[in-house]
file model03.pdb (PDB, C-alpha atoms)
ATOM      1  CA  MET A1104      -7.793   8.478  25.837
ATOM      2  CA  THR A1105      -6.139  11.197  23.795
ATOM      3  CA  GLU A1106      -7.172  11.626  20.181
ATOM      4  CA  LEU A1107      -4.454  11.623  17.520
ATOM      5  CA  ALA A1108      -4.385  15.113  16.074
ATOM      6  CA  PRO A1109      -4.090  15.400  12.298
ATOM      7  CA  PRO A1110      -0.769  16.749  11.023
ATOM      8  CA  SER A1111      -0.602  20.539  10.977
ATOM      9  CA  GLN A1112      -0.470  22.314   7.656
ATOM     10  CA  ASP A1113       3.134  23.342   8.240
ATOM     11  CA  ALA A1114       4.306  19.848   9.281
ATOM     12  CA  MET A1115       7.583  18.988   7.635
ATOM     13  CA  ALA A1116       7.219  16.566   4.753
ATOM     14  CA  VAL A1117       9.634  13.686   5.269
ATOM     15  CA  VAL A1118       8.624  11.952   2.011
ATOM     16  CA  ARG A1119       6.928  13.673  -0.917
ATOM     17  CA  ALA A1120       6.058  11.932  -4.195
ATOM     18  CA  GLN A1121       4.613  13.907  -7.092
ATOM     19  CA  ASN A1122       3.369  12.136 -10.220
ATOM     20  CA  LEU A1123       5.818   9.358  -9.430
ATOM     21  CA  GLY A1124       6.160   6.508 -11.894
ATOM     22  CA  LEU A1125       8.470   3.543 -12.230
ATOM     23  CA  THR A1126       8.731   1.225 -15.214
ATOM     24  CA  PHE A1127      10.946  -1.864 -15.314
ATOM     25  CA  SER A1128      12.353  -2.992 -18.659
ATOM     26  CA  THR A1129      12.371  -6.788 -19.060
ATOM     27  CA  ASN A1130      13.001  -9.242 -21.872
ATOM     28  CA  ASP A1131       9.232  -9.563 -22.225
ATOM     29  CA  GLY A1132       8.660  -5.811 -22.452
ATOM     30  CA  ASP A1133       8.080  -2.968 -20.029
ATOM     31  CA  VAL A1134       6.377  -3.516 -16.663
ATOM     32  CA  ILE A1135       4.744  -0.463 -15.102
ATOM     33  CA  ALA A1136       5.199  -0.906 -11.347
ATOM     34  CA  LEU A1137       4.079   2.554 -10.207
ATOM     35  CA  SER A1138       1.943   5.106 -12.023
ATOM     36  CA  ASP A1139       1.199   8.731 -11.094
ATOM     37  CA  VAL A1140       1.696   8.305  -7.332
ATOM     38  CA  ASN A1141       1.101  11.468  -5.302
ATOM     39  CA  LEU A1142       1.696  11.210  -1.574
ATOM     40  CA  THR A1143       3.130  13.158   1.351
ATOM     41  CA  ILE A1144       4.347  11.540   4.572
ATOM     42  CA  ASN A1145       4.776  14.065   7.359
ATOM     43  CA  LYS A1146       7.190  13.940  10.268
ATOM     44  CA  GLY A1147       6.017  11.638  13.056
ATOM     45  CA  GLU A1148       3.312   9.871  11.046
ATOM     46  CA  PHE A1149       2.818   6.109  10.993
ATOM     47  CA  VAL A1150       1.791   5.363   7.407
ATOM     48  CA  SER A1151       0.785   1.888   6.247
ATOM     49  CA  PHE A1152       0.652   0.782   2.618
ATOM     50  CA  ILE A1153      -1.840  -1.926   1.760
ATOM     51  CA  GLY A1154      -2.850  -3.523  -1.517
ATOM     52  CA  PRO A1155      -2.726  -6.814  -3.417
ATOM     53  CA  SER A1156       0.533  -8.590  -4.171
ATOM     54  CA  GLY A1157       2.427  -6.903  -6.983
ATOM     55  CA  CYS A1158       0.759  -3.511  -6.537
ATOM     56  CA  GLY A1159       4.020  -1.653  -5.932
ATOM     57  CA  LYS A1160       3.997  -1.272  -2.133
ATOM     58  CA  THR A1161       7.507  -2.629  -1.694
ATOM     59  CA  THR A1162       8.681  -0.920  -4.877
ATOM     60  CA  PHE A1163       7.596   2.443  -3.483
ATOM     61  CA  LEU A1164       9.442   1.721  -0.239
ATOM     62  CA  ARG A1165      12.523   0.790  -2.241
ATOM     63  CA  THR A1166      12.392   4.066  -4.196
ATOM     64  CA  ILE A1167      12.392   5.967  -0.894
ATOM     65  CA  ALA A1168      15.455   3.932   0.128
ATOM     66  CA  ASP A1169      17.186   4.627  -3.218
ATOM     67  CA  LEU A1170      17.186   0.911  -4.042
ATOM     68  CA  GLU A1171      15.077   1.643  -7.140
ATOM     69  CA  GLN A1172      15.050   4.788  -9.262
ATOM     70  CA  PRO A1173      11.753   6.273 -10.510
ATOM     71  CA  THR A1174      11.396   6.803 -14.246
ATOM     72  CA  SER A1175       9.009   9.763 -14.016
ATOM     73  CA  GLY A1176       7.833  12.353 -11.528
ATOM     74  CA  THR A1177       9.717  13.485  -8.445
ATOM     75  CA  LEU A1178      10.497  12.022  -5.034
ATOM     76  CA  THR A1179      12.126  13.804  -2.110
ATOM     77  CA  VAL A1180      13.197  12.472   1.293
ATOM     78  CA  ASN A1181      13.794  15.136   3.936
ATOM     79  CA  GLY A1182      13.664  17.713   1.154
ATOM     80  CA  THR A1183      16.477  16.139  -0.865
ATOM     81  CA  THR A1184      16.952  13.292  -3.331
ATOM     82  CA  PRO A1185      16.710   9.685  -2.091
ATOM     83  CA  SER A1186      20.395   9.168  -2.913
ATOM     84  CA  ASP A1187      21.423  12.172  -0.793
ATOM     85  CA  ALA A1188      19.081  10.990   1.977
ATOM     86  CA  ARG A1189      20.768   7.578   1.904
ATOM     87  CA  LEU A1190      24.193   9.183   2.198
ATOM     88  CA  ASN A1191      22.893  11.275   5.091
ATOM     89  CA  ARG A1192      21.673   8.124   6.905
ATOM     90  CA  ALA A1193      18.096   9.402   6.807
ATOM     91  CA  TYR A1194      16.379   6.037   7.211
ATOM     92  CA  GLY A1195      16.559   2.538   8.627
ATOM     93  CA  TYR A1196      15.143  -0.407   6.664
ATOM     94  CA  VAL A1197      13.481  -3.508   8.131
ATOM     95  CA  PHE A1198      13.058  -6.329   5.618
ATOM     96  CA  GLN A1199      10.429  -9.076   5.461
ATOM     97  CA  ALA A1200      12.904 -11.554   6.972
ATOM     98  CA  PRO A1201      15.232 -10.576   9.849
ATOM     99  CA  ALA A1202      18.351 -11.104   7.666
ATOM    100  CA  LEU A1203      20.629 -11.454  10.672
ATOM    101  CA  TYR A1204      24.120 -12.910  10.278
ATOM    102  CA  PRO A1205      24.065 -16.287  12.104
ATOM    103  CA  TRP A1206      27.746 -16.099  13.060
ATOM    104  CA  ARG A1207      27.326 -12.735  14.792
ATOM    105  CA  THR A1208      25.715 -12.244  18.186
ATOM    106  CA  ILE A1209      22.630 -10.058  18.491
ATOM    107  CA  ALA A1210      24.775  -7.176  19.719
ATOM    108  CA  GLN A1211      27.173  -7.651  16.808
ATOM    109  CA  ASN A1212      24.286  -7.723  14.322
ATOM    110  CA  VAL A1213      22.896  -4.484  15.750
ATOM    111  CA  ALA A1214      26.384  -2.994  15.596
ATOM    112  CA  LEU A1215      26.839  -3.720  11.882
ATOM    113  CA  PRO A1216      25.553  -0.375  10.504
ATOM    114  CA  LEU A1217      27.473   1.442  13.217
ATOM    115  CA  GLU A1218      30.674  -0.264  12.083
ATOM    116  CA  ILE A1219      29.982   0.500   8.425
ATOM    117  CA  MET A1220      29.280   4.167   9.203
ATOM    118  CA  GLY A1221      32.215   4.481  11.587
ATOM    119  CA  LEU A1222      30.012   5.812  14.387
ATOM    120  CA  ALA A1223      31.295   6.120  17.925
ATOM    121  CA  ASP A1224      29.644   5.037  21.195
ATOM    122  CA  LYS A1225      28.671   1.661  19.712
ATOM    123  CA  ALA A1226      28.145  -0.010  23.099
ATOM    124  CA  GLU A1227      25.835   2.790  24.266
ATOM    125  CA  ARG A1228      23.850   2.765  21.024
ATOM    126  CA  ILE A1229      23.474  -1.033  21.094
ATOM    127  CA  ALA A1230      22.285  -1.017  24.705
ATOM    128  CA  ARG A1231      19.793   1.774  24.020
ATOM    129  CA  THR A1232      18.240   0.200  20.933
ATOM    130  CA  LEU A1233      18.048  -3.299  22.435
ATOM    131  CA  GLU A1234      16.259  -1.768  25.420
ATOM    132  CA  LEU A1235      13.806  -0.080  23.030
ATOM    133  CA  VAL A1236      12.800  -3.465  21.570
ATOM    134  CA  ASN A1237      12.869  -5.330  24.908
ATOM    135  CA  LEU A1238      15.922  -7.442  24.110
ATOM    136  CA  THR A1239      18.153  -6.331  26.970
ATOM    137  CA  GLY A1240      19.968  -9.424  28.241
ATOM    138  CA  PHE A1241      20.107 -11.114  24.839
ATOM    139  CA  GLU A1242      23.186  -9.245  23.590
ATOM    140  CA  ASN A1243      25.398 -12.345  23.509
ATOM    141  CA  LYS A1244      22.849 -14.731  22.045
ATOM    142  CA  TYR A1245      23.022 -15.824  18.417
ATOM    143  CA  PRO A1246      20.043 -15.468  16.053
ATOM    144  CA  TRP A1247      19.373 -19.217  16.027
ATOM    145  CA  GLN A1248      18.916 -19.080  19.805
ATOM    146  CA  LEU A1249      16.014 -16.612  19.490
ATOM    147  CA  SER A1250      12.419 -17.054  18.357
ATOM    148  CA  GLY A1251      11.275 -15.609  15.034
ATOM    149  CA  GLY A1252       9.610 -12.680  16.765
ATOM    150  CA  MET A1253      12.725 -11.882  18.781
ATOM    151  CA  GLN A1254      14.861 -12.068  15.648
ATOM    152  CA  GLN A1255      12.605  -9.530  13.956
ATOM    153  CA  ARG A1256      12.850  -7.252  16.992
ATOM    154  CA  ALA A1257      16.641  -7.506  16.687
ATOM    155  CA  SER A1258      16.291  -6.493  13.038
ATOM    156  CA  ILE A1259      14.268  -3.448  14.122
ATOM    157  CA  ALA A1260      16.961  -2.597  16.688
ATOM    158  CA  ARG A1261      19.598  -2.735  13.944
ATOM    159  CA  ALA A1262      17.540  -0.290  11.839
ATOM    160  CA  LEU A1263      17.210   2.042  14.832
ATOM    161  CA  SER A1264      20.819   1.816  16.008
ATOM    162  CA  PHE A1265      22.088   4.867  14.109
ATOM    163  CA  ASP A1266      19.058   6.958  15.133
ATOM    164  CA  ALA A1267      17.544   7.654  11.717
ATOM    165  CA  ASP A1268      14.316   9.654  11.820
ATOM    166  CA  LEU A1269      12.590   7.525   9.161
ATOM    167  CA  LEU A1270      11.908   3.802   9.556
ATOM    168  CA  LEU A1271      10.957   1.808   6.437
ATOM    169  CA  MET A1272       9.330  -1.544   7.247
ATOM    170  CA  ASP A1273       8.545  -4.037   4.488
ATOM    171  CA  GLU A1274       5.926  -6.431   5.907
ATOM    172  CA  PRO A1275       8.159  -7.323   8.855
ATOM    173  CA  PHE A1276       5.605  -9.504  10.673
ATOM    174  CA  GLY A1277       4.014 -11.269   7.707
ATOM    175  CA  ALA A1278       5.699 -14.633   8.331
ATOM    176  CA  LEU A1279       4.840 -14.779  12.036
ATOM    177  CA  ASP A1280       1.877 -16.495  13.648
ATOM    178  CA  GLU A1281      -1.087 -14.388  14.732
ATOM    179  CA  ILE A1282      -0.309 -14.401  18.473
ATOM    180  CA  VAL A1283       3.289 -13.265  17.961
ATOM    181  CA  ARG A1284       2.164 -10.761  15.322
ATOM    182  CA  ASP A1285      -0.374  -9.204  17.714
ATOM    183  CA  HIS A1286       2.311  -8.904  20.394
ATOM    184  CA  LEU A1287       4.799  -7.260  18.031
ATOM    185  CA  ASN A1288       2.125  -4.880  16.721
ATOM    186  CA  SER A1289       1.554  -3.710  20.301
ATOM    187  CA  GLU A1290       5.290  -3.431  20.922
ATOM    188  CA  LEU A1291       5.791  -1.467  17.704
ATOM    189  CA  LEU A1292       3.115   1.052  18.722
ATOM    190  CA  LYS A1293       4.857   1.503  22.078
ATOM    191  CA  LEU A1294       8.179   1.970  20.293
ATOM    192  CA  TRP A1295       6.652   4.554  17.962
ATOM    193  CA  ALA A1296       5.088   6.401  20.914
ATOM    194  CA  ARG A1297       8.487   6.560  22.636
ATOM    195  CA  THR A1298      10.575   7.600  19.646
ATOM    196  CA  ARG A1299       8.067   9.393  17.361
ATOM    197  CA  LYS A1300       9.971   8.142  14.357
ATOM    198  CA  THR A1301       8.281   8.545  11.002
ATOM    199  CA  ILE A1302       7.297   5.031   9.917
ATOM    200  CA  ALA A1303       6.353   3.738   6.457
ATOM    201  CA  PHE A1304       4.987   0.206   6.854
ATOM    202  CA  VAL A1305       3.998  -2.297   4.150
ATOM    203  CA  THR A1306       1.353  -4.908   5.000
ATOM    204  CA  HIS A1307      -1.250  -7.210   3.440
ATOM    205  CA  SER A1308      -3.349  -7.221   6.617
ATOM    206  CA  ILE A1309      -6.301  -4.834   6.945
ATOM    207  CA  PRO A1310      -6.496  -5.196  10.771
ATOM    208  CA  GLU A1311      -2.750  -4.590  11.082
ATOM    209  CA  ALA A1312      -2.895  -1.481   8.893
ATOM    210  CA  VAL A1313      -5.836  -0.017  10.811
ATOM    211  CA  TYR A1314      -4.428  -0.901  14.239
ATOM    212  CA  LEU A1315      -0.999   0.643  13.668
ATOM    213  CA  SER A1316      -1.503   3.658  11.487
ATOM    214  CA  THR A1317      -2.225   7.345  11.599
ATOM    215  CA  LYS A1318      -2.635   7.190   7.806
ATOM    216  CA  ILE A1319      -3.454   4.242   5.530
ATOM    217  CA  VAL A1320      -2.522   4.319   1.839
ATOM    218  CA  VAL A1321      -4.594   1.933  -0.285
ATOM    219  CA  MET A1322      -3.012   0.886  -3.588
ATOM    220  CA  SER A1323      -4.431  -0.705  -6.725
ATOM    221  CA  PRO A1324      -3.146  -3.744  -8.640
ATOM    222  CA  ARG A1325      -0.341  -3.092 -11.105
ATOM    223  CA  PRO A1326       0.281  -0.495 -12.298
ATOM    224  CA  GLY A1327       0.396   0.663  -8.690
ATOM    225  CA  ARG A1328      -1.754   3.690  -8.011
ATOM    226  CA  VAL A1329      -2.991   5.271  -4.796
ATOM    227  CA  THR A1330      -6.750   4.696  -4.673
ATOM    228  CA  ASP A1331      -7.426   6.091  -1.200
ATOM    229  CA  ILE A1332      -5.600   7.857   1.640
ATOM    230  CA  ILE A1333      -7.372   7.300   4.945
ATOM    231  CA  GLU A1334      -6.602   9.441   7.996
ATOM    232  CA  SER A1335      -7.196   7.484  11.205
ATOM    233  CA  ASP A1336      -9.166   9.041  14.042
ATOM    234  CA  LEU A1337      -8.455   6.208  16.485
ATOM    235  CA  PRO A1338      -7.003   7.211  19.884
ATOM    236  CA  ALA A1339      -3.275   7.166  20.429
ATOM    237  CA  GLU A1340      -3.555   4.407  23.052
ATOM    238  CA  ARG A1341      -4.717   1.264  21.279
ATOM    239  CA  PRO A1342      -5.226  -1.937  23.251
ATOM    240  CA  LEU A1343      -5.732  -4.995  21.064
ATOM    241  CA  ASP A1344      -9.434  -5.115  21.851
ATOM    242  CA  ILE A1345      -9.896  -1.776  20.067
ATOM    243  CA  ARG A1346     -10.239  -3.977  16.983
ATOM    244  CA  GLU A1347     -13.755  -4.881  18.129
ATOM    245  CA  THR A1348     -14.964  -1.275  18.371
ATOM    246  CA  PRO A1349     -17.321   0.356  15.817
ATOM    247  CA  GLU A1350     -14.685   3.001  15.017
ATOM    248  CA  PHE A1351     -12.097   0.370  14.137
ATOM    249  CA  LEU A1352     -14.541  -1.674  12.069
ATOM    250  CA  ARG A1353     -15.624   1.450  10.197
ATOM    251  CA  LEU A1354     -12.030   2.200   9.187
ATOM    252  CA  ALA A1355     -11.429  -1.431   8.224
ATOM    253  CA  ALA A1356     -14.543  -1.357   6.026
ATOM    254  CA  ARG A1357     -13.300   1.748   4.249
ATOM    255  CA  VAL A1358      -9.927   0.094   3.585
ATOM    256  CA  ARG A1359     -11.716  -2.990   2.248
ATOM    257  CA  ASP A1360     -13.897  -0.810   0.004
ATOM    258  CA  GLY A1361     -10.785   0.945  -1.294
ATOM    259  CA  LEU A1362      -9.167  -2.366  -2.156
ATOM    260  CA  ARG A1363     -12.288  -3.487  -4.024
ATOM    261  CA  ALA A1364     -12.504  -0.192  -5.897
ATOM    262  CA  GLY A1365      -8.870  -0.510  -6.916
ATOM    263  CA  HIS A1366      -9.588  -3.755  -8.679
ATOM    264  CA  SER A1367     -11.925  -1.920 -11.050
ATOM    265  CA  TYR A1368      -8.912  -0.452 -12.870
ATOM    266  CA  GLU A1369      -8.220  -1.923 -16.252
ATOM    267  CA  GLU A1370      -4.876  -3.683 -16.363
TER
END
call {"tool": "encode", "arguments": {"input": "model03.pdb", "output": "structure tokens"}}
result
Amino acid sequence: MTELAPPSQDAMAVVRAQNLGLTFSTNDGDVIALSDVNLTINKGEFVSFIGPSGCGKTTFLRTIADLEQPTSGTLTVNGTTPSDARLNRAYGYVFQAPALYPWRTIAQNVALPLEIMGLADKAERIARTLELVNLTGFENKYPWQLSGGMQQRASIARALSFDADLLLMDEPFGALDEIVRDHLNSELLKLWARTRKTIAFVTHSIPEAVYLSTKIVVMSPRPGRVTDIIESDLPAERPLDIRETPEFLRLAARVRDGLRAGHSYEE
């Protein structure tokens, strides 16, 4: 099996955060969600973010998507501001729940961003992205006629439909049972291998983070900090039983150690 090569020094940075901080103002005072985050995500990487609830994983993803604005430091997406990247359709976003419109067919749900953006060749784009997520033949079904896993695959197809280079995924499989989750993890790796999109993926699962990623970012409890950045040396081809290998268990142990170390921060 082929080893995953580490990113070259001149690899293009898709996301770059430098001393990034974000503080929310509430009626009960300020809440520091992110503090002094420094991170680079290079083109073609699969980067997972893992940490306890409330550590800022989703908040960081939302700053990339220009859904939240940092209060300190800098953040660039494809070398520009997140707001410019959003206007340039630089990313697709997959939420925790599929968020499909029940009155629209699967094809119509996938077509929604294409309609909003006024893009041509909608039928071709829909067919291509549904084929990528193995939903060919389900174009005319409604969300309620599909299983939870199939609905989430439709949500991924919608995020891919306008061919953005960056895919932001906020714990998309967290609500699914373990068997379906394992299947979708395998399918997502195949999708990544075919498209080589840059993927930023939020998860609470150590095995999921290790199985999917070329790089794992471990975060501390609030205020969210990066406590460890782990480069994976697992092979590109990853059958599910790779999770029983010494190499996999070694990486999982390092992630677990990073999570424990993060809890030593004073809140």
call {"tool": "resolve_selection", "arguments": {"input": "model03.pdb", "expression": "the PyMOL selection byres ((chain A and resi 1204) around 12)", "output": "VMD selection string"}}
result
chain A and resid 1200 to 1203 1205 to 1215 1244 to 1247 1254 1257 to 1258 1261
call {"tool": "atom_distance", "arguments": {"input": "model03.pdb", "atom1": "CA of Ala1120 in chain A", "atom2": "CA of Gly1277 in chain A"}}
result
26.2 Å
call {"tool": "resolve_selection", "arguments": {"input": "model03.pdb", "expression": "the PyMOL selection byres ((chain A and resi 1163) around 10)", "output": "compact mmCIF listing (two decimals) with C-alpha atoms, in the coordinates of the input"}}
result
# COMPACT_ATOMS: atom_id res chain seq x y z
CA ALA A 1120 6.06 11.93 -4.20
CA LEU A 1123 5.82 9.36 -9.43
CA GLY A 1124 6.16 6.51 -11.89
CA LEU A 1125 8.47 3.54 -12.23
CA ALA A 1136 5.20 -0.91 -11.35
CA LEU A 1137 4.08 2.55 -10.21
CA VAL A 1140 1.70 8.30 -7.33
CA PHE A 1152 0.65 0.78 2.62
CA CYS A 1158 0.76 -3.51 -6.54
CA GLY A 1159 4.02 -1.65 -5.93
CA LYS A 1160 4.00 -1.27 -2.13
CA THR A 1161 7.51 -2.63 -1.69
CA THR A 1162 8.68 -0.92 -4.88
CA LEU A 1164 9.44 1.72 -0.24
CA ARG A 1165 12.52 0.79 -2.24
CA THR A 1166 12.39 4.07 -4.20
CA ILE A 1167 12.39 5.97 -0.89
CA ALA A 1168 15.46 3.93 0.13
CA ASP A 1169 17.19 4.63 -3.22
CA LEU A 1170 17.19 0.91 -4.04
CA GLU A 1171 15.08 1.64 -7.14
CA GLN A 1172 15.05 4.79 -9.26
CA PRO A 1173 11.75 6.27 -10.51
CA VAL A 1305 4.00 -2.30 4.15
CA GLY A 1327 0.40 0.66 -8.69
call {"tool": "residues_around", "arguments": {"input": "model03.pdb", "residues": "Ile1319 in chain A", "least_positions_apart": "3", "cutoff": "9 Å", "atoms": "all atoms listed in the file", "output": "ChimeraX atom specification"}}
result
/A:1149-1153,1312-1313,1316,1331-1335,1358
call {"tool": "write_last_selection", "arguments": {"input": "model03.pdb", "atoms": "C-alpha atoms", "output": "mmCIF file, in the coordinates of the input"}}
result
data_model
loop_
_atom_site.group_PDB
_atom_site.id
_atom_site.type_symbol
_atom_site.label_atom_id
_atom_site.label_comp_id
_atom_site.auth_asym_id
_atom_site.auth_seq_id
_atom_site.Cartn_x
_atom_site.Cartn_y
_atom_site.Cartn_z
ATOM 1 C CA PHE A 1149 2.818 6.109 10.993
ATOM 2 C CA VAL A 1150 1.791 5.363 7.407
ATOM 3 C CA SER A 1151 0.785 1.888 6.247
ATOM 4 C CA PHE A 1152 0.652 0.782 2.618
ATOM 5 C CA ILE A 1153 -1.840 -1.926 1.760
ATOM 6 C CA ALA A 1312 -2.895 -1.481 8.893
ATOM 7 C CA VAL A 1313 -5.836 -0.017 10.811
ATOM 8 C CA SER A 1316 -1.503 3.658 11.487
ATOM 9 C CA ASP A 1331 -7.426 6.091 -1.200
ATOM 10 C CA ILE A 1332 -5.600 7.857 1.640
ATOM 11 C CA ILE A 1333 -7.372 7.300 4.945
ATOM 12 C CA GLU A 1334 -6.602 9.441 7.996
ATOM 13 C CA SER A 1335 -7.196 7.484 11.205
ATOM 14 C CA VAL A 1358 -9.927 0.094 3.585
#
call {"tool": "closest_residue", "arguments": {"input": "model03.pdb", "among": "A:Ser1289, A:Ser1308, A:Thr1184, A:Ala1223", "to": "Arg1359 in chain A", "atoms": "only C-alpha atoms"}}
result
A:Ser1308
call {"tool": "axis_aligned_box", "arguments": {"input": "model03.pdb", "around": "range 1310-1313 of chain A", "padding_each_side": "5 Å", "output": "AutoDock Vina command-line options"}}
result
--center_x -4.6 --center_y -2.6 --center_z 10.0 --size_x 13.7 --size_y 15.2 --size_z 12.2
call {"tool": "resolve_selection", "arguments": {"input": "model03.pdb", "expression": "the PyMOL selection byres ((chain A and resi 1296) around 12)", "output": "ChimeraX atom specification"}}
result
/A:1107,1147-1149,1235,1289-1295,1297-1302,1315-1317,1339-1341
call {"tool": "write_last_selection", "arguments": {"input": "model03.pdb", "atoms": "C-alpha atoms", "output": "mmCIF file, in the frame of the given file"}}
result
data_model
loop_
_atom_site.group_PDB
_atom_site.id
_atom_site.type_symbol
_atom_site.label_atom_id
_atom_site.label_comp_id
_atom_site.auth_asym_id
_atom_site.auth_seq_id
_atom_site.Cartn_x
_atom_site.Cartn_y
_atom_site.Cartn_z
ATOM 1 C CA LEU A 1107 -4.454 11.623 17.520
ATOM 2 C CA GLY A 1147 6.017 11.638 13.056
ATOM 3 C CA GLU A 1148 3.312 9.871 11.046
ATOM 4 C CA PHE A 1149 2.818 6.109 10.993
ATOM 5 C CA LEU A 1235 13.806 -0.080 23.030
ATOM 6 C CA SER A 1289 1.554 -3.710 20.301
ATOM 7 C CA GLU A 1290 5.290 -3.431 20.922
ATOM 8 C CA LEU A 1291 5.791 -1.467 17.704
ATOM 9 C CA LEU A 1292 3.115 1.052 18.722
ATOM 10 C CA LYS A 1293 4.857 1.503 22.078
ATOM 11 C CA LEU A 1294 8.179 1.970 20.293
ATOM 12 C CA TRP A 1295 6.652 4.554 17.962
ATOM 13 C CA ARG A 1297 8.487 6.560 22.636
ATOM 14 C CA THR A 1298 10.575 7.600 19.646
ATOM 15 C CA ARG A 1299 8.067 9.393 17.361
ATOM 16 C CA LYS A 1300 9.971 8.142 14.357
ATOM 17 C CA THR A 1301 8.281 8.545 11.002
ATOM 18 C CA ILE A 1302 7.297 5.031 9.917
ATOM 19 C CA LEU A 1315 -0.999 0.643 13.668
ATOM 20 C CA SER A 1316 -1.503 3.658 11.487
ATOM 21 C CA THR A 1317 -2.225 7.345 11.599
ATOM 22 C CA ALA A 1339 -3.275 7.166 20.429
ATOM 23 C CA GLU A 1340 -3.555 4.407 23.052
ATOM 24 C CA ARG A 1341 -4.717 1.264 21.279
#
call {"tool": "residues_around", "arguments": {"input": "model03.pdb", "residues": "Arg1119 in chain A", "least_positions_apart": "5", "cutoff": "12 Å", "atoms": "all atoms listed in the file", "output": "PyMOL selection string"}}
result
chain A and resi 1140-1146+1163+1166-1167+1176-1185
call {"tool": "closest_residue", "arguments": {"input": "model03.pdb", "among": "A:Val1197, A:Ala1356, A:Ala1364, A:Ala1267", "to": "Phe1304 in chain A", "atoms": "only C-alpha atoms"}}
result
A:Val1197
call {"tool": "residues_around", "arguments": {"input": "model03.pdb", "residues": "Val1134 in chain A", "least_positions_apart": "5", "cutoff": "10 Å", "atoms": "only C-alpha atoms", "output": "number ranges by chain"}}
result
A: 1125-1129, 1325-1326
call {"tool": "atom_distance", "arguments": {"input": "model03.pdb", "atom1": "CA of Arg1328 in chain A", "atom2": "CA of Ile1135 in chain A"}}
result
10.5 Å
call {"tool": "residues_around", "arguments": {"input": "model03.pdb", "residues": "Asn1288 in chain A", "least_positions_apart": "5", "cutoff": "9 Å", "atoms": "all atoms listed in the file", "output": "NGL selection string"}}
result
:A and (1276 or 1283 or 1293 or 1311 or 1314-1315 or 1343)
